[in-house]
$ cat final-v3.cif   # mmCIF, N, CA, C and O atoms
data_coords
loop_
_atom_site.label_atom_id
_atom_site.label_comp_id
_atom_site.auth_asym_id
_atom_site.auth_seq_id
_atom_site.Cartn_x
_atom_site.Cartn_y
_atom_site.Cartn_z
N MET A 1 332.54 -66.95 155.37
CA MET A 1 332.88 -67.29 156.74
C MET A 1 332.77 -66.07 157.66
O MET A 1 332.39 -66.20 158.81
N ASN A 2 333.11 -64.89 157.13
CA ASN A 2 333.06 -63.69 157.96
C ASN A 2 331.65 -63.38 158.44
O ASN A 2 331.48 -62.87 159.55
N ILE A 3 330.67 -63.68 157.62
CA ILE A 3 329.29 -63.40 158.02
C ILE A 3 328.88 -64.25 159.21
O ILE A 3 328.18 -63.79 160.11
N TRP A 4 329.34 -65.50 159.26
CA TRP A 4 328.99 -66.37 160.39
C TRP A 4 329.68 -65.91 161.66
O TRP A 4 329.13 -66.05 162.76
N ILE A 5 330.87 -65.38 161.53
CA ILE A 5 331.57 -64.83 162.70
C ILE A 5 330.79 -63.62 163.23
O ILE A 5 330.59 -63.48 164.44
N ALA A 6 330.34 -62.77 162.32
CA ALA A 6 329.55 -61.60 162.74
C ALA A 6 328.23 -62.02 163.38
O ALA A 6 327.82 -61.44 164.39
N ILE A 7 327.57 -63.03 162.83
CA ILE A 7 326.31 -63.51 163.40
C ILE A 7 326.55 -64.10 164.79
O ILE A 7 325.81 -63.83 165.73
N GLY A 8 327.59 -64.89 164.92
CA GLY A 8 327.92 -65.48 166.23
C GLY A 8 328.27 -64.43 167.26
O GLY A 8 327.81 -64.48 168.41
N ALA A 9 329.07 -63.44 166.86
CA ALA A 9 329.45 -62.36 167.79
C ALA A 9 328.23 -61.55 168.20
O ALA A 9 328.09 -61.16 169.37
N THR A 10 327.33 -61.30 167.27
CA THR A 10 326.10 -60.57 167.59
C THR A 10 325.23 -61.36 168.55
O THR A 10 324.68 -60.81 169.51
N ALA A 11 325.09 -62.66 168.32
CA ALA A 11 324.28 -63.50 169.21
C ALA A 11 324.86 -63.52 170.62
O ALA A 11 324.13 -63.38 171.61
N VAL A 12 326.17 -63.68 170.72
CA VAL A 12 326.82 -63.69 172.04
C VAL A 12 326.66 -62.32 172.71
O VAL A 12 326.36 -62.24 173.90
N GLY A 13 326.83 -61.25 171.94
CA GLY A 13 326.68 -59.91 172.50
C GLY A 13 325.27 -59.67 173.01
O GLY A 13 325.08 -59.11 174.09
N CYS A 14 324.26 -60.09 172.25
CA CYS A 14 322.86 -59.93 172.68
C CYS A 14 322.59 -60.73 173.95
O CYS A 14 321.91 -60.25 174.86
N TYR A 15 323.13 -61.93 174.01
CA TYR A 15 322.94 -62.75 175.21
C TYR A 15 323.59 -62.09 176.42
O TYR A 15 322.99 -62.04 177.50
N LEU A 16 324.79 -61.54 176.26
CA LEU A 16 325.47 -60.90 177.38
C LEU A 16 324.75 -59.64 177.83
O LEU A 16 324.67 -59.36 179.03
N VAL A 17 324.19 -58.87 176.91
CA VAL A 17 323.43 -57.67 177.28
C VAL A 17 322.18 -58.07 178.05
O VAL A 17 321.82 -57.45 179.06
N LYS A 18 321.51 -59.12 177.62
CA LYS A 18 320.32 -59.61 178.33
C LYS A 18 320.70 -60.12 179.71
O LYS A 18 320.00 -59.85 180.70
N LEU A 19 321.80 -60.83 179.82
CA LEU A 19 322.27 -61.33 181.10
C LEU A 19 322.64 -60.17 182.03
O LEU A 19 322.32 -60.20 183.22
N LEU A 20 323.25 -59.15 181.49
CA LEU A 20 323.60 -57.97 182.28
C LEU A 20 322.35 -57.30 182.83
O LEU A 20 322.33 -56.83 183.97
N GLY A 21 321.29 -57.26 182.04
CA GLY A 21 320.03 -56.68 182.50
C GLY A 21 319.42 -57.46 183.64
O GLY A 21 318.80 -56.89 184.54
N LEU A 22 319.60 -58.77 183.65
CA LEU A 22 319.07 -59.59 184.73
C LEU A 22 319.86 -59.42 186.03
O LEU A 22 319.36 -59.71 187.11
N LEU A 23 321.10 -58.96 185.92
CA LEU A 23 321.95 -58.79 187.10
C LEU A 23 321.76 -57.45 187.79
O LEU A 23 322.31 -57.23 188.87
N VAL A 24 320.96 -56.56 187.21
CA VAL A 24 320.71 -55.25 187.83
C VAL A 24 319.83 -55.47 189.06
O VAL A 24 318.80 -56.14 188.98
N PRO A 25 320.23 -54.91 190.21
CA PRO A 25 319.42 -55.10 191.42
C PRO A 25 318.02 -54.48 191.28
O PRO A 25 317.86 -53.43 190.64
N ALA A 26 317.03 -55.11 191.89
CA ALA A 26 315.65 -54.63 191.80
C ALA A 26 315.51 -53.24 192.40
O ALA A 26 314.70 -52.44 191.93
N GLY A 27 316.27 -52.92 193.42
CA GLY A 27 316.19 -51.60 194.05
C GLY A 27 316.57 -50.48 193.09
O GLY A 27 316.01 -49.38 193.17
N ALA A 28 317.50 -50.75 192.21
CA ALA A 28 317.92 -49.73 191.23
C ALA A 28 316.81 -49.47 190.22
O ALA A 28 316.67 -48.35 189.71
N LEU A 29 316.01 -50.48 189.92
CA LEU A 29 314.95 -50.33 188.93
C LEU A 29 313.70 -49.66 189.50
O LEU A 29 312.84 -49.24 188.75
N GLU A 30 313.60 -49.59 190.82
CA GLU A 30 312.41 -49.01 191.45
C GLU A 30 312.54 -47.52 191.71
O GLU A 30 311.60 -46.90 192.19
N ARG A 31 313.68 -46.92 191.40
CA ARG A 31 313.85 -45.48 191.59
C ARG A 31 312.96 -44.72 190.62
O ARG A 31 312.80 -45.12 189.47
N PRO A 32 312.38 -43.61 191.06
CA PRO A 32 311.47 -42.84 190.19
C PRO A 32 312.14 -42.35 188.90
O PRO A 32 311.53 -42.38 187.84
N LEU A 33 313.39 -41.91 188.99
CA LEU A 33 314.08 -41.43 187.79
C LEU A 33 314.26 -42.55 186.77
O LEU A 33 314.03 -42.35 185.57
N VAL A 34 314.63 -43.72 187.24
CA VAL A 34 314.83 -44.86 186.34
C VAL A 34 313.51 -45.26 185.69
O VAL A 34 313.44 -45.54 184.49
N GLN A 35 312.43 -45.26 186.47
CA GLN A 35 311.13 -45.62 185.91
C GLN A 35 310.67 -44.60 184.88
O GLN A 35 310.12 -44.96 183.84
N ARG A 36 310.90 -43.31 185.17
CA ARG A 36 310.51 -42.27 184.21
C ARG A 36 311.32 -42.38 182.93
O ARG A 36 310.79 -42.27 181.82
N LEU A 37 312.63 -42.61 183.07
CA LEU A 37 313.48 -42.75 181.88
C LEU A 37 313.11 -43.99 181.07
O LEU A 37 313.11 -43.96 179.85
N SER A 38 312.80 -45.08 181.76
CA SER A 38 312.46 -46.30 181.02
C SER A 38 311.13 -46.16 180.29
O SER A 38 310.89 -46.84 179.30
N ALA A 39 310.27 -45.27 180.76
CA ALA A 39 309.01 -45.03 180.06
C ALA A 39 309.19 -44.11 178.86
O ALA A 39 308.52 -44.26 177.84
N LEU A 40 310.12 -43.16 178.96
CA LEU A 40 310.29 -42.16 177.90
C LEU A 40 311.34 -42.52 176.86
O LEU A 40 311.28 -42.05 175.73
N LEU A 41 312.30 -43.33 177.22
CA LEU A 41 313.41 -43.64 176.32
C LEU A 41 312.97 -44.33 175.02
O LEU A 41 313.40 -43.92 173.94
N PRO A 42 312.09 -45.32 175.06
CA PRO A 42 311.67 -45.94 173.78
C PRO A 42 310.97 -44.95 172.85
O PRO A 42 311.18 -44.98 171.64
N VAL A 43 310.17 -44.04 173.40
CA VAL A 43 309.49 -43.05 172.58
C VAL A 43 310.50 -42.11 171.93
O VAL A 43 310.41 -41.79 170.74
N ALA A 44 311.48 -41.67 172.71
CA ALA A 44 312.50 -40.77 172.18
C ALA A 44 313.34 -41.45 171.09
O ALA A 44 313.64 -40.85 170.06
N LEU A 45 313.70 -42.71 171.31
CA LEU A 45 314.49 -43.43 170.31
C LEU A 45 313.69 -43.65 169.03
O LEU A 45 314.22 -43.50 167.92
N LEU A 46 312.41 -43.98 169.16
CA LEU A 46 311.58 -44.18 167.98
C LEU A 46 311.39 -42.88 167.22
O LEU A 46 311.42 -42.85 165.99
N ALA A 47 311.20 -41.77 167.94
CA ALA A 47 311.06 -40.47 167.29
C ALA A 47 312.34 -40.08 166.55
O ALA A 47 312.29 -39.58 165.42
N ALA A 48 313.49 -40.32 167.17
CA ALA A 48 314.76 -40.01 166.52
C ALA A 48 314.98 -40.87 165.28
O ALA A 48 315.43 -40.37 164.24
N LEU A 49 314.65 -42.14 165.38
CA LEU A 49 314.80 -43.03 164.22
C LEU A 49 313.86 -42.62 163.09
O LEU A 49 314.26 -42.60 161.92
N THR A 50 312.64 -42.26 163.44
CA THR A 50 311.67 -41.81 162.43
C THR A 50 312.16 -40.55 161.74
O THR A 50 312.11 -40.43 160.51
N ALA A 51 312.63 -39.59 162.51
CA ALA A 51 313.13 -38.34 161.93
C ALA A 51 314.34 -38.59 161.03
O ALA A 51 314.43 -38.04 159.93
N GLN A 52 315.24 -39.45 161.48
CA GLN A 52 316.45 -39.72 160.67
C GLN A 52 316.08 -40.43 159.38
O GLN A 52 316.62 -40.11 158.32
N GLN A 53 315.17 -41.38 159.43
CA GLN A 53 314.78 -42.11 158.23
C GLN A 53 313.92 -41.28 157.30
O GLN A 53 313.91 -41.51 156.10
N THR A 54 313.20 -40.30 157.83
CA THR A 54 312.31 -39.48 157.01
C THR A 54 313.04 -38.34 156.32
O THR A 54 312.78 -38.05 155.16
N PHE A 55 313.94 -37.69 157.02
CA PHE A 55 314.54 -36.46 156.51
C PHE A 55 316.01 -36.61 156.14
O PHE A 55 316.72 -35.62 156.03
N SER A 56 316.49 -37.83 155.91
CA SER A 56 317.89 -38.05 155.56
C SER A 56 318.00 -38.98 154.37
O SER A 56 317.28 -39.98 154.28
N ALA A 57 318.90 -38.63 153.46
CA ALA A 57 319.22 -39.51 152.33
C ALA A 57 320.68 -39.30 151.98
O ALA A 57 321.10 -38.18 151.68
N ASN A 58 321.46 -40.35 152.07
CA ASN A 58 322.89 -40.29 151.76
C ASN A 58 323.60 -39.23 152.60
O ASN A 58 324.47 -38.51 152.12
N GLY A 59 323.20 -39.09 153.84
CA GLY A 59 323.86 -38.16 154.75
C GLY A 59 323.45 -36.71 154.57
O GLY A 59 324.02 -35.83 155.20
N ALA A 60 322.47 -36.44 153.74
CA ALA A 60 322.03 -35.06 153.51
C ALA A 60 320.59 -34.90 153.99
O ALA A 60 319.82 -35.84 154.01
N LEU A 61 320.26 -33.67 154.36
CA LEU A 61 318.90 -33.35 154.79
C LEU A 61 318.02 -33.19 153.56
O LEU A 61 318.35 -32.43 152.65
N VAL A 62 316.91 -33.93 153.51
CA VAL A 62 316.01 -33.86 152.36
C VAL A 62 314.58 -33.70 152.84
O VAL A 62 314.23 -34.09 153.95
N LEU A 63 313.76 -33.10 152.01
CA LEU A 63 312.33 -32.99 152.27
C LEU A 63 311.62 -33.49 151.03
O LEU A 63 311.61 -32.83 149.99
N ASP A 64 311.06 -34.69 151.11
CA ASP A 64 310.42 -35.30 149.96
C ASP A 64 309.07 -35.89 150.37
O ASP A 64 308.48 -35.44 151.35
N ALA A 65 308.61 -36.87 149.65
CA ALA A 65 307.30 -37.46 149.88
C ALA A 65 307.19 -38.09 151.27
O ALA A 65 306.10 -38.13 151.85
N ARG A 66 308.30 -38.55 151.81
CA ARG A 66 308.25 -39.14 153.14
C ARG A 66 307.84 -38.13 154.19
O ARG A 66 307.11 -38.45 155.13
N GLY A 67 308.27 -36.89 154.04
CA GLY A 67 307.87 -35.84 154.97
C GLY A 67 306.38 -35.56 154.91
O GLY A 67 305.73 -35.34 155.94
N ALA A 68 305.82 -35.58 153.70
CA ALA A 68 304.38 -35.38 153.54
C ALA A 68 303.61 -36.53 154.18
O ALA A 68 302.57 -36.32 154.82
N GLY A 69 304.10 -37.74 154.02
CA GLY A 69 303.46 -38.89 154.65
C GLY A 69 303.51 -38.82 156.17
O GLY A 69 302.53 -39.13 156.85
N LEU A 70 304.64 -38.36 156.70
CA LEU A 70 304.77 -38.20 158.14
C LEU A 70 303.82 -37.12 158.65
O LEU A 70 303.19 -37.27 159.70
N ALA A 71 303.68 -36.05 157.89
CA ALA A 71 302.75 -34.98 158.28
C ALA A 71 301.30 -35.49 158.26
O ALA A 71 300.51 -35.17 159.16
N ALA A 72 300.97 -36.31 157.28
CA ALA A 72 299.62 -36.89 157.23
C ALA A 72 299.38 -37.81 158.42
O ALA A 72 298.29 -37.80 159.02
N ALA A 73 300.38 -38.59 158.78
CA ALA A 73 300.25 -39.47 159.94
C ALA A 73 300.09 -38.65 161.22
O ALA A 73 299.28 -38.99 162.09
N ALA A 74 300.85 -37.57 161.33
CA ALA A 74 300.75 -36.72 162.52
C ALA A 74 299.36 -36.09 162.60
O ALA A 74 298.77 -36.03 163.69
N LEU A 75 298.83 -35.66 161.47
CA LEU A 75 297.49 -35.09 161.46
C LEU A 75 296.44 -36.13 161.86
O LEU A 75 295.53 -35.84 162.65
N ALA A 76 296.60 -37.35 161.37
CA ALA A 76 295.67 -38.42 161.73
C ALA A 76 295.76 -38.73 163.23
O ALA A 76 294.74 -39.00 163.87
N LEU A 77 296.96 -38.65 163.79
CA LEU A 77 297.11 -38.87 165.22
C LEU A 77 296.45 -37.77 166.03
O LEU A 77 295.82 -38.02 167.06
N VAL A 78 296.59 -36.52 165.57
CA VAL A 78 295.95 -35.40 166.26
C VAL A 78 294.44 -35.57 166.24
O VAL A 78 293.75 -35.24 167.22
N LEU A 79 293.91 -36.10 165.14
CA LEU A 79 292.48 -36.33 165.02
C LEU A 79 292.03 -37.61 165.72
O LEU A 79 290.87 -38.00 165.61
N ARG A 80 292.96 -38.26 166.41
CA ARG A 80 292.71 -39.49 167.18
C ARG A 80 292.18 -40.64 166.32
O ARG A 80 291.27 -41.37 166.71
N ALA A 81 292.77 -40.78 165.14
CA ALA A 81 292.39 -41.88 164.25
C ALA A 81 293.00 -43.19 164.78
O ALA A 81 294.03 -43.17 165.45
N PRO A 82 292.39 -44.32 164.46
CA PRO A 82 292.99 -45.61 164.83
C PRO A 82 294.34 -45.80 164.12
O PRO A 82 294.61 -45.20 163.09
N PHE A 83 295.16 -46.66 164.71
CA PHE A 83 296.52 -46.85 164.21
C PHE A 83 296.54 -47.25 162.74
O PHE A 83 297.35 -46.74 161.96
N LEU A 84 295.66 -48.14 162.34
CA LEU A 84 295.64 -48.58 160.95
C LEU A 84 295.30 -47.43 160.00
O LEU A 84 295.86 -47.33 158.90
N VAL A 85 294.44 -46.53 160.43
CA VAL A 85 294.11 -45.36 159.61
C VAL A 85 295.31 -44.42 159.54
O VAL A 85 295.58 -43.83 158.49
N VAL A 86 296.05 -44.28 160.62
CA VAL A 86 297.25 -43.45 160.62
C VAL A 86 298.26 -43.96 159.61
O VAL A 86 298.79 -43.21 158.79
N VAL A 87 298.52 -45.26 159.66
CA VAL A 87 299.47 -45.86 158.72
C VAL A 87 298.96 -45.75 157.29
O VAL A 87 299.71 -45.40 156.37
N GLY A 88 297.67 -46.01 157.10
CA GLY A 88 297.09 -45.90 155.76
C GLY A 88 297.17 -44.49 155.21
O GLY A 88 297.47 -44.29 154.03
N ALA A 89 296.92 -43.49 156.04
CA ALA A 89 297.02 -42.10 155.59
C ALA A 89 298.44 -41.77 155.16
O ALA A 89 298.66 -41.13 154.13
N ALA A 90 299.41 -42.23 155.94
CA ALA A 90 300.81 -41.98 155.59
C ALA A 90 301.17 -42.64 154.26
O ALA A 90 301.83 -42.02 153.41
N VAL A 91 300.71 -43.85 154.07
CA VAL A 91 301.02 -44.58 152.83
C VAL A 91 300.37 -43.90 151.63
O VAL A 91 301.01 -43.68 150.59
N VAL A 92 299.09 -43.55 151.76
CA VAL A 92 298.36 -42.95 150.63
C VAL A 92 298.95 -41.59 150.26
O VAL A 92 299.17 -41.30 149.08
N VAL A 93 299.25 -40.77 151.25
CA VAL A 93 299.80 -39.44 150.96
C VAL A 93 301.19 -39.56 150.36
O VAL A 93 301.53 -38.88 149.38
N THR A 94 302.03 -40.43 150.91
CA THR A 94 303.38 -40.62 150.37
C THR A 94 303.31 -41.10 148.92
O THR A 94 304.01 -40.58 148.04
N ALA A 95 302.46 -42.10 148.66
CA ALA A 95 302.32 -42.60 147.28
C ALA A 95 301.77 -41.53 146.36
O ALA A 95 302.21 -41.40 145.21
N GLY A 96 300.81 -40.74 146.84
CA GLY A 96 300.24 -39.68 146.01
C GLY A 96 301.26 -38.62 145.64
O GLY A 96 301.34 -38.19 144.49
N VAL A 97 302.07 -38.21 146.63
CA VAL A 97 303.10 -37.20 146.34
C VAL A 97 304.14 -37.76 145.38
O VAL A 97 304.58 -37.07 144.46
N ARG A 98 304.51 -39.00 145.55
CA ARG A 98 305.49 -39.62 144.63
C ARG A 98 304.90 -39.75 143.23
O ARG A 98 305.59 -39.57 142.24
N ALA A 99 303.62 -40.08 143.15
CA ALA A 99 302.98 -40.21 141.84
C ALA A 99 302.90 -38.86 141.13
O ALA A 99 302.96 -38.81 139.89
N LEU A 100 302.79 -37.79 141.89
CA LEU A 100 302.74 -36.45 141.30
C LEU A 100 304.14 -35.92 140.96
O LEU A 100 304.27 -34.81 140.47
N GLY A 101 305.14 -36.73 141.26
CA GLY A 101 306.51 -36.35 140.89
C GLY A 101 307.32 -35.74 142.01
O GLY A 101 308.37 -35.16 141.78
N GLY A 102 306.87 -35.88 143.23
CA GLY A 102 307.58 -35.29 144.36
C GLY A 102 308.45 -36.21 145.02
O GLY A 102 309.05 -36.92 145.40
#
$ encode --input "final-v3.cif" --output "structure tokens"
Amino acid sequence: MNIWIAIGATAVGCYLVKLLGLLVPAGALERPLVQRLSALLPVALLAALTAQQTFSANGALVLDARGAGLAAAALALVLRAPFLVVVGAAVVVTAGVRALGG
């Protein structure tokens, strides 16, 4: 029963957050600072999530195969590879390092 209460509370919370976003006046959204932040915030959040998931395990800082995969993806991005190649490079390098015992 507790899980359904949590699901219901989450659904109501998501609806209220969406409703709150619709109530923001259009003038507030047209400010240059707000537009710049709205463009940069998703990138910053994704970068933080990627770093936390790559270099953390059980609350400790780790450097393992995931870091090598991230480095391979970064290199593929620098070389302007297509997105699928970037993901594939990360997967292949991560699997290779793990297969070698890393």
$ resolve_selection --input "final-v3.cif" --expression "the PyMOL selection byres (((chain A and resi 66-69 and name CA) around 8) and name CA)" --output "JSON, numbers by chain"
{"A": [54, 55, 63, 64, 65, 70, 71, 72, 73, 89, 90, 91, 92, 93, 94, 97]}
$ residues_near_point --input "final-v3.cif" --point "(296.7, -43.2, 157.8)" --cutoff "4.5 Å" --atoms "only N, CA, C and O atoms" --output "PyMOL selection string"
chain A and resi 84-90
$ atom_distance --input "final-v3.cif" --atom1 "atom N of Ala51 of chain A" --atom2 "atom O of Cys14 of chain A"
25.8 Å
$ atom_distance --input "final-v3.cif" --atom1 "atom CA of Gln35 of chain A" --atom2 "atom C of Thr50 of chain A"
24.7 Å
$ axis_aligned_box --input "final-v3.cif" --around "segment 86-100 of chain A" --padding-each-side "4 Å" --output "JSON"
{"center_x": 300.8, "center_y": -40.4, "center_z": 150.3, "size_x": 17.5, "size_y": 19.2, "size_z": 28.7}
$ select_by_dssp --input "final-v3.cif" --residues "chain A" --states "alpha helix (DSSP H)" --output "ChimeraX atom specification"
/A:2-22,26-29,32-55,65-78,83-99
$ atom_distance --input "final-v3.cif" --atom1 "atom C of Asn58 of chain A" --atom2 "atom CA of Ala74 of chain A"
25.0 Å
$ decode --input "final-v3.cif" --residues "segment 23-56 of chain A" --atoms "N, CA and C atoms" --output "compact mmCIF listing (two decimals), in the first residue's frame"
# COMPACT_ATOMS: atom_id res chain seq x y z
N LEU A 23 1.92 29.00 -14.66
CA LEU A 23 1.49 30.24 -14.03
C LEU A 23 2.56 31.33 -14.04
N VAL A 24 3.76 31.01 -14.49
CA VAL A 24 4.83 32.01 -14.55
C VAL A 24 4.50 33.00 -15.66
N PRO A 25 4.56 34.30 -15.37
CA PRO A 25 4.23 35.29 -16.40
C PRO A 25 5.21 35.24 -17.57
N ALA A 26 4.73 35.50 -18.77
CA ALA A 26 5.56 35.45 -19.97
C ALA A 26 6.69 36.47 -19.91
N GLY A 27 6.46 37.61 -19.29
CA GLY A 27 7.50 38.63 -19.18
C GLY A 27 8.71 38.16 -18.40
N ALA A 28 8.48 37.32 -17.41
CA ALA A 28 9.60 36.80 -16.60
C ALA A 28 10.44 35.83 -17.42
N LEU A 29 9.83 35.13 -18.36
CA LEU A 29 10.56 34.16 -19.17
C LEU A 29 11.33 34.80 -20.32
N GLU A 30 11.02 36.05 -20.63
CA GLU A 30 11.68 36.72 -21.75
C GLU A 30 12.93 37.48 -21.34
N ARG A 31 13.26 37.51 -20.07
CA ARG A 31 14.47 38.19 -19.61
C ARG A 31 15.70 37.45 -20.12
N PRO A 32 16.74 38.19 -20.51
CA PRO A 32 17.95 37.55 -21.05
C PRO A 32 18.61 36.58 -20.06
N LEU A 33 18.65 36.93 -18.79
CA LEU A 33 19.26 36.04 -17.80
C LEU A 33 18.50 34.72 -17.70
N VAL A 34 17.19 34.79 -17.68
CA VAL A 34 16.37 33.58 -17.59
C VAL A 34 16.56 32.71 -18.83
N GLN A 35 16.61 33.33 -20.00
CA GLN A 35 16.81 32.57 -21.23
C GLN A 35 18.18 31.91 -21.26
N ARG A 36 19.20 32.63 -20.80
CA ARG A 36 20.55 32.06 -20.77
C ARG A 36 20.63 30.90 -19.78
N LEU A 37 20.01 31.08 -18.60
CA LEU A 37 20.02 30.00 -17.61
C LEU A 37 19.23 28.79 -18.09
N SER A 38 18.11 29.02 -18.76
CA SER A 38 17.31 27.89 -19.23
C SER A 38 18.02 27.13 -20.34
N ALA A 39 18.93 27.79 -21.05
CA ALA A 39 19.70 27.09 -22.08
C ALA A 39 20.85 26.30 -21.48
N LEU A 40 21.45 26.80 -20.39
CA LEU A 40 22.63 26.18 -19.82
C LEU A 40 22.33 25.18 -18.70
N LEU A 41 21.22 25.33 -18.03
CA LEU A 41 20.92 24.49 -16.88
C LEU A 41 20.81 23.00 -17.22
N PRO A 42 20.12 22.61 -18.29
CA PRO A 42 20.06 21.17 -18.60
C PRO A 42 21.44 20.56 -18.88
N VAL A 43 22.31 21.31 -19.54
CA VAL A 43 23.65 20.81 -19.83
C VAL A 43 24.43 20.63 -18.53
N ALA A 44 24.33 21.60 -17.63
CA ALA A 44 25.04 21.50 -16.36
C ALA A 44 24.52 20.34 -15.52
N LEU A 45 23.21 20.15 -15.49
CA LEU A 45 22.65 19.04 -14.72
C LEU A 45 23.05 17.69 -15.30
N LEU A 46 23.05 17.58 -16.62
CA LEU A 46 23.46 16.33 -17.25
C LEU A 46 24.93 16.04 -17.01
N ALA A 47 25.77 17.07 -17.06
CA ALA A 47 27.19 16.89 -16.80
C ALA A 47 27.43 16.46 -15.35
N ALA A 48 26.71 17.07 -14.41
CA ALA A 48 26.85 16.69 -13.00
C ALA A 48 26.38 15.26 -12.77
N LEU A 49 25.28 14.88 -13.38
CA LEU A 49 24.78 13.51 -13.24
C LEU A 49 25.75 12.51 -13.83
N THR A 50 26.31 12.84 -14.99
CA THR A 50 27.28 11.95 -15.63
C THR A 50 28.52 11.78 -14.76
N ALA A 51 29.03 12.87 -14.23
CA ALA A 51 30.21 12.80 -13.37
C ALA A 51 29.93 11.99 -12.11
N GLN A 52 28.77 12.21 -11.51
CA GLN A 52 28.43 11.48 -10.27
C GLN A 52 28.28 9.99 -10.55
N GLN A 53 27.64 9.63 -11.65
CA GLN A 53 27.44 8.22 -11.97
C GLN A 53 28.72 7.55 -12.44
N THR A 54 29.66 8.31 -13.01
CA THR A 54 30.89 7.73 -13.53
C THR A 54 31.94 7.55 -12.45
N PHE A 55 32.08 8.51 -11.57
CA PHE A 55 33.19 8.51 -10.62
C PHE A 55 32.77 8.25 -9.19
N SER A 56 31.60 7.67 -8.96
CA SER A 56 31.13 7.40 -7.60
C SER A 56 30.61 5.98 -7.49
